[in-house]
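Below: my_file02.cif (mmCIF, C-alpha atoms and all ligand atoms)
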data_start
loop_
_atom_site.label_atom_id
_atom_site.label_comp_id
_atom_site.auth_asym_id
_atom_site.auth_seq_id
_atom_site.Cartn_x
_atom_site.Cartn_y
_atom_site.Cartn_z
CA MET A 186 0.00 0.00 0.00
CA GLU A 187 1.26 3.51 -0.83
CA GLN A 188 2.11 5.66 2.20
CA GLY A 189 1.03 9.32 2.30
CA LEU A 190 2.21 12.39 4.19
CA ASP A 191 1.26 12.61 7.87
CA ASN A 192 -1.34 15.28 8.51
CA ASP A 193 -1.24 17.45 11.63
CA ARG A 194 -4.50 19.41 11.96
CA GLY A 195 -4.58 20.28 8.27
CA ARG A 196 -0.83 20.85 7.87
CA VAL A 197 1.99 18.53 6.84
CA ARG A 198 3.73 17.08 9.89
CA VAL A 199 7.51 17.61 9.90
CA ASN A 200 10.31 17.11 12.41
CA GLU A 201 12.82 19.79 13.49
CA LYS A 202 14.76 19.13 10.26
CA MET A 203 11.64 20.02 8.23
CA GLU A 204 11.48 16.40 7.07
CA THR A 205 8.13 14.67 6.70
CA ASN A 206 7.34 11.09 7.67
CA LEU A 207 8.50 10.13 4.15
CA PRO A 208 12.32 10.06 4.24
CA GLY A 209 13.84 12.60 1.86
CA ILE A 210 10.59 14.58 1.52
CA PHE A 211 10.62 18.01 3.21
CA ALA A 212 7.89 20.60 3.77
CA ILE A 213 8.12 24.25 4.79
CA GLY A 214 6.21 27.52 5.02
CA ASP A 215 2.45 27.62 5.15
CA LEU A 216 2.32 23.86 4.55
CA VAL A 217 3.54 23.24 8.11
CA HIS A 218 2.75 24.48 11.61
CA GLY A 219 5.42 27.17 11.94
CA ALA A 220 5.24 30.89 12.52
CA GLY A 221 3.24 31.64 9.32
CA LEU A 222 5.67 34.39 8.31
CA ALA A 223 7.51 34.87 5.02
CA HIS A 224 11.00 35.20 6.52
CA VAL A 225 10.45 32.06 8.60
CA ALA A 226 9.32 30.12 5.50
CA TYR A 227 12.54 31.28 3.82
CA MET A 228 14.66 30.01 6.74
CA GLU A 229 12.74 26.73 6.85
CA GLY A 230 13.53 26.32 3.15
CA GLU A 231 17.24 26.86 3.79
CA PHE A 232 17.22 24.38 6.67
CA ALA A 233 15.30 21.81 4.61
CA ALA A 234 17.80 22.19 1.76
CA ASP A 235 20.74 21.82 4.18
CA ASN A 236 19.27 18.63 5.62
CA ALA A 237 18.40 17.28 2.17
CA MET A 238 22.10 17.70 1.28
CA GLY A 239 23.17 15.65 4.30
CA HIS A 240 24.04 18.48 6.70
CA GLU A 241 22.36 18.77 10.10
CA ALA A 242 20.26 21.92 10.51
CA ILE A 243 17.72 22.14 13.34
CA MET A 244 14.96 24.75 13.17
CA ASP A 245 14.62 26.77 16.41
CA TYR A 246 11.43 28.85 16.53
CA ASN A 247 12.54 30.47 19.82
CA VAL A 248 14.79 32.86 17.91
CA VAL A 249 12.08 34.15 15.54
CA PRO A 250 11.52 37.87 16.19
CA ASN A 251 7.93 38.98 16.88
CA PRO A 252 7.58 42.55 15.65
CA ILE A 253 4.54 44.70 16.39
CA TYR A 254 3.46 47.28 13.81
CA THR A 255 1.76 50.37 15.20
CA PHE A 256 0.24 53.49 13.71
CA PRO A 257 1.33 56.07 14.63
CA LYS A 258 4.89 54.79 15.09
CA LEU A 259 5.92 53.88 18.64
CA ARG A 260 9.22 55.48 19.55
CA LEU A 261 11.17 54.21 22.55
CA SER A 262 13.19 56.87 24.33
CA GLY A 263 16.83 56.39 25.21
C1 LIG A 301 -2.75 38.79 3.49
C2 LIG A 301 -1.46 38.23 4.00
C3 LIG A 301 -0.53 39.09 4.57
C4 LIG A 301 0.68 38.59 5.04
N1 LIG A 301 1.59 39.46 5.59
C5 LIG A 301 2.77 39.00 6.01
C6 LIG A 301 3.75 39.91 6.54
O1 LIG A 301 3.53 41.13 6.63
N2 LIG A 301 4.93 39.42 6.95
C7 LIG A 301 5.23 38.09 6.84
O2 LIG A 301 6.34 37.69 7.20
N3 LIG A 301 4.32 37.21 6.35
C8 LIG A 301 3.11 37.63 5.94
N4 LIG A 301 2.18 36.74 5.44
C9 LIG A 301 2.49 35.30 5.44
C10 LIG A 301 3.41 34.91 4.29
O3 LIG A 301 2.92 35.43 3.06
C11 LIG A 301 3.45 33.39 4.19
O4 LIG A 301 3.74 32.83 5.47
C12 LIG A 301 4.54 32.94 3.22
O5 LIG A 301 4.32 33.51 1.94
C13 LIG A 301 4.54 31.43 3.12
O6 LIG A 301 5.43 31.03 2.09
P1 LIG A 301 5.16 29.70 1.30
O7 LIG A 301 6.35 29.55 0.37
O8 LIG A 301 4.84 28.60 2.22
O9 LIG A 301 3.82 29.93 0.47
P2 LIG A 301 3.53 30.97 -0.70
O10 LIG A 301 4.33 32.22 -0.55
O11 LIG A 301 2.03 31.07 -0.74
O12 LIG A 301 4.07 30.26 -1.99
C14 LIG A 301 3.43 29.14 -2.54
C15 LIG A 301 3.61 29.21 -4.05
O13 LIG A 301 3.17 27.98 -4.63
C16 LIG A 301 2.43 28.28 -5.79
N5 LIG A 301 1.56 27.13 -6.03
C17 LIG A 301 0.40 26.80 -5.42
N6 LIG A 301 -0.12 25.67 -5.94
C18 LIG A 301 0.76 25.26 -6.89
C19 LIG A 301 0.79 24.14 -7.76
N7 LIG A 301 -0.18 23.21 -7.75
N8 LIG A 301 1.82 24.06 -8.61
C20 LIG A 301 2.81 24.99 -8.62
N9 LIG A 301 2.84 26.06 -7.81
C21 LIG A 301 1.81 26.18 -6.96
C22 LIG A 301 1.68 29.57 -5.47
O14 LIG A 301 1.31 30.23 -6.65
C23 LIG A 301 2.77 30.33 -4.69
O15 LIG A 301 3.60 31.09 -5.54
C24 LIG A 301 0.97 37.20 4.96
C25 LIG A 301 0.02 36.34 4.38
C26 LIG A 301 -1.18 36.84 3.92
C27 LIG A 301 -2.18 35.89 3.30
#
Can you present the structure in this file as structure tokens?
Amino acid sequence: MEQGLDNDRGRVRVNEKMETNLPGIFAIGDLVHGAGLAHVAYMEGEFAADNAMGHEAIMDYNVVPNPIYTFPKLRLSG
């Protein structure tokens, strides 16, 4: 029987190397449960490519910056 991609609440399940349950198949960006941000998708793509090439790259979402956009601009003194 053919095996499909694991589904995690509507997204493709991946490990910290961005690899799916199918060895050698990677998923990134809005396909997976990540931060849902363009720059994070870009990094996930780089990490997936690194791992696909046999390097070891572990995605760490703790270092993703969380900016807040305000109008008017918020200016911190100092
Ligand atoms: C309204 C809106 C505002 C956003 N604002 C921000 C923001 O300010 N900052 C931020 O960081 N993120 C923002 N995001 C999120 C960001 O756009 C996504 O997280 C990011 O684009 C995900 O990248 P991706 O490569 O997974 O998907 P996408 O960028 O959607 O790329 C998927 C690509 O696959 C193509 N495609 C789809 N189906 C097929 C097919 N069958 N065959 C071939 N190609 C196909 C699509 O045309 C598309 O080009 C926003 C998203 C939305 C919807």
Ligand LIG 301 (chain A): which residues are within 10 Å, counting only C-alpha atoms and all ligand atoms, as a PyMOL selection string?
-> chain A and resi 212-217+219-227+229-230+251-252+254
Atom-to-atom span, CA of Asn192 (chain A) and CA of Leu207 (chain A), Å = 11.9 Å
Select all residues near (15.9, 23.7, 15.0) (cut-off 8 Å, inclusive, file coordinates), counting only C-alpha atoms, and output them as a PyMOL selection string.
-> chain A and resi 201-202+242-246
So how many Å separate CA of Asp193 (chain A) and CA of Pro208 (chain A), to one decimal?
-> 17.1 Å
Between A:Ile253, A:Ala233, A:Met238, A:Val248, single out the one closest to Phe211 (chain A), counting all atoms listed in the file.
->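 Selected residue with least distance to Phe211 (chain A): A:Ala233.
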Reconstruct region 202-238 of chain A at the level of N, CA and C atoms, and format the result as a PDB file, keeping the file's coordinate frame.
ATOM      1  N   LYS A 202      13.928  18.991  11.477  1.00  0.00           N
ATOM      2  CA  LYS A 202      14.760  19.130  10.260  1.00  0.00           C
ATOM      3  C   LYS A 202      13.895  19.476   9.048  1.00  0.00           C
ATOM      4  N   MET A 203      12.614  19.724   9.276  1.00  0.00           N
ATOM      5  CA  MET A 203      11.640  20.020   8.230  1.00  0.00           C
ATOM      6  C   MET A 203      11.367  18.806   7.343  1.00  0.00           C
ATOM      7  N   GLU A 204      11.691  17.624   7.840  1.00  0.00           N
ATOM      8  CA  GLU A 204      11.480  16.400   7.070  1.00  0.00           C
ATOM      9  C   GLU A 204      10.146  15.762   7.446  1.00  0.00           C
ATOM     10  N   THR A 205       9.420  15.306   6.451  1.00  0.00           N
ATOM     11  CA  THR A 205       8.130  14.670   6.700  1.00  0.00           C
ATOM     12  C   THR A 205       8.346  13.221   7.138  1.00  0.00           C
ATOM     13  N   ASN A 206       7.241  12.506   7.307  1.00  0.00           N
ATOM     14  CA  ASN A 206       7.340  11.090   7.670  1.00  0.00           C
ATOM     15  C   ASN A 206       7.908  10.254   6.514  1.00  0.00           C
ATOM     16  N   LEU A 207       7.932  10.845   5.300  1.00  0.00           N
ATOM     17  CA  LEU A 207       8.500  10.130   4.150  1.00  0.00           C
ATOM     18  C   LEU A 207       9.954  10.561   4.012  1.00  0.00           C
ATOM     19  N   PRO A 208      10.910   9.684   4.276  1.00  0.00           N
ATOM     20  CA  PRO A 208      12.320  10.060   4.240  1.00  0.00           C
ATOM     21  C   PRO A 208      12.698  10.729   2.924  1.00  0.00           C
ATOM     22  N   GLY A 209      13.405  11.890   3.060  1.00  0.00           N
ATOM     23  CA  GLY A 209      13.840  12.600   1.860  1.00  0.00           C
ATOM     24  C   GLY A 209      12.819  13.587   1.316  1.00  0.00           C
ATOM     25  N   ILE A 210      11.621  13.624   1.936  1.00  0.00           N
ATOM     26  CA  ILE A 210      10.590  14.580   1.520  1.00  0.00           C
ATOM     27  C   ILE A 210      10.456  15.636   2.614  1.00  0.00           C
ATOM     28  N   PHE A 211      10.630  16.910   2.240  1.00  0.00           N
ATOM     29  CA  PHE A 211      10.620  18.010   3.210  1.00  0.00           C
ATOM     30  C   PHE A 211       9.443  18.935   2.919  1.00  0.00           C
ATOM     31  N   ALA A 212       8.977  19.638   3.952  1.00  0.00           N
ATOM     32  CA  ALA A 212       7.890  20.600   3.770  1.00  0.00           C
ATOM     33  C   ALA A 212       8.196  21.832   4.615  1.00  0.00           C
ATOM     34  N   ILE A 213       7.810  22.987   4.110  1.00  0.00           N
ATOM     35  CA  ILE A 213       8.120  24.250   4.790  1.00  0.00           C
ATOM     36  C   ILE A 213       6.975  25.244   4.632  1.00  0.00           C
ATOM     37  N   GLY A 214       7.123  26.387   5.245  1.00  0.00           N
ATOM     38  CA  GLY A 214       6.210  27.520   5.020  1.00  0.00           C
ATOM     39  C   GLY A 214       4.800  27.233   5.491  1.00  0.00           C
ATOM     40  N   ASP A 215       3.842  27.731   4.738  1.00  0.00           N
ATOM     41  CA  ASP A 215       2.450  27.620   5.150  1.00  0.00           C
ATOM     42  C   ASP A 215       1.930  26.178   5.106  1.00  0.00           C
ATOM     43  N   LEU A 216       2.729  25.271   4.557  1.00  0.00           N
ATOM     44  CA  LEU A 216       2.320  23.860   4.550  1.00  0.00           C
ATOM     45  C   LEU A 216       2.434  23.238   5.930  1.00  0.00           C
ATOM     46  N   VAL A 217       3.260  23.840   6.807  1.00  0.00           N
ATOM     47  CA  VAL A 217       3.540  23.240   8.110  1.00  0.00           C
ATOM     48  C   VAL A 217       3.114  24.180   9.237  1.00  0.00           C
ATOM     49  N   HIS A 218       3.047  23.640  10.453  1.00  0.00           N
ATOM     50  CA  HIS A 218       2.750  24.480  11.610  1.00  0.00           C
ATOM     51  C   HIS A 218       4.032  25.199  12.029  1.00  0.00           C
ATOM     52  N   GLY A 219       4.246  26.396  11.540  1.00  0.00           N
ATOM     53  CA  GLY A 219       5.420  27.170  11.940  1.00  0.00           C
ATOM     54  C   GLY A 219       4.923  28.514  12.438  1.00  0.00           C
ATOM     55  N   ALA A 220       5.634  29.571  12.059  1.00  0.00           N
ATOM     56  CA  ALA A 220       5.240  30.890  12.520  1.00  0.00           C
ATOM     57  C   ALA A 220       4.271  31.561  11.535  1.00  0.00           C
ATOM     58  N   GLY A 221       4.137  31.038  10.307  1.00  0.00           N
ATOM     59  CA  GLY A 221       3.240  31.640   9.320  1.00  0.00           C
ATOM     60  C   GLY A 221       3.735  32.977   8.815  1.00  0.00           C
ATOM     61  N   LEU A 222       5.054  33.133   8.767  1.00  0.00           N
ATOM     62  CA  LEU A 222       5.670  34.390   8.310  1.00  0.00           C
ATOM     63  C   LEU A 222       6.615  34.102   7.148  1.00  0.00           C
ATOM     64  N   ALA A 223       6.725  35.072   6.235  1.00  0.00           N
ATOM     65  CA  ALA A 223       7.510  34.870   5.020  1.00  0.00           C
ATOM     66  C   ALA A 223       8.990  34.600   5.326  1.00  0.00           C
ATOM     67  N   HIS A 224       9.568  35.391   6.253  1.00  0.00           N
ATOM     68  CA  HIS A 224      11.000  35.200   6.520  1.00  0.00           C
ATOM     69  C   HIS A 224      11.262  33.869   7.215  1.00  0.00           C
ATOM     70  N   VAL A 225      10.289  33.366   7.957  1.00  0.00           N
ATOM     71  CA  VAL A 225      10.450  32.060   8.600  1.00  0.00           C
ATOM     72  C   VAL A 225      10.361  30.949   7.543  1.00  0.00           C
ATOM     73  N   ALA A 226       9.427  31.101   6.589  1.00  0.00           N
ATOM     74  CA  ALA A 226       9.320  30.120   5.500  1.00  0.00           C
ATOM     75  C   ALA A 226      10.637  30.047   4.739  1.00  0.00           C
ATOM     76  N   TYR A 227      11.256  31.204   4.535  1.00  0.00           N
ATOM     77  CA  TYR A 227      12.540  31.280   3.820  1.00  0.00           C
ATOM     78  C   TYR A 227      13.616  30.490   4.590  1.00  0.00           C
ATOM     79  N   MET A 228      13.678  30.720   5.912  1.00  0.00           N
ATOM     80  CA  MET A 228      14.660  30.010   6.740  1.00  0.00           C
ATOM     81  C   MET A 228      14.379  28.505   6.740  1.00  0.00           C
ATOM     82  N   GLU A 229      13.109  28.155   6.872  1.00  0.00           N
ATOM     83  CA  GLU A 229      12.740  26.730   6.850  1.00  0.00           C
ATOM     84  C   GLU A 229      13.209  26.090   5.546  1.00  0.00           C
ATOM     85  N   GLY A 230      13.084  26.830   4.446  1.00  0.00           N
ATOM     86  CA  GLY A 230      13.530  26.320   3.150  1.00  0.00           C
ATOM     87  C   GLY A 230      15.039  26.082   3.136  1.00  0.00           C
ATOM     88  N   GLU A 231      15.784  27.021   3.729  1.00  0.00           N
ATOM     89  CA  GLU A 231      17.240  26.860   3.790  1.00  0.00           C
ATOM     90  C   GLU A 231      17.612  25.646   4.644  1.00  0.00           C
ATOM     91  N   PHE A 232      16.924  25.507   5.784  1.00  0.00           N
ATOM     92  CA  PHE A 232      17.220  24.380   6.670  1.00  0.00           C
ATOM     93  C   PHE A 232      16.857  23.057   5.991  1.00  0.00           C
ATOM     94  N   ALA A 233      15.714  23.031   5.313  1.00  0.00           N
ATOM     95  CA  ALA A 233      15.300  21.810   4.610  1.00  0.00           C
ATOM     96  C   ALA A 233      16.333  21.444   3.551  1.00  0.00           C
ATOM     97  N   ALA A 234      16.812  22.446   2.814  1.00  0.00           N
ATOM     98  CA  ALA A 234      17.800  22.190   1.760  1.00  0.00           C
ATOM     99  C   ALA A 234      19.107  21.672   2.367  1.00  0.00           C
ATOM    100  N   ASP A 235      19.530  22.288   3.489  1.00  0.00           N
ATOM    101  CA  ASP A 235      20.740  21.820   4.180  1.00  0.00           C
ATOM    102  C   ASP A 235      20.609  20.344   4.558  1.00  0.00           C
ATOM    103  N   ASN A 236      19.473  20.013   5.177  1.00  0.00           N
ATOM    104  CA  ASN A 236      19.270  18.630   5.620  1.00  0.00           C
ATOM    105  C   ASN A 236      19.164  17.676   4.440  1.00  0.00           C
ATOM    106  N   ALA A 237      18.525  18.127   3.355  1.00  0.00           N
ATOM    107  CA  ALA A 237      18.400  17.280   2.170  1.00  0.00           C
ATOM    108  C   ALA A 237      19.781  16.964   1.595  1.00  0.00           C
ATOM    109  N   MET A 238      20.745  17.890   1.799  1.00  0.00           N
ATOM    110  CA  MET A 238      22.100  17.700   1.280  1.00  0.00           C
ATOM    111  C   MET A 238      23.003  16.952   2.256  1.00  0.00           C
TER     112      MET A 238
END
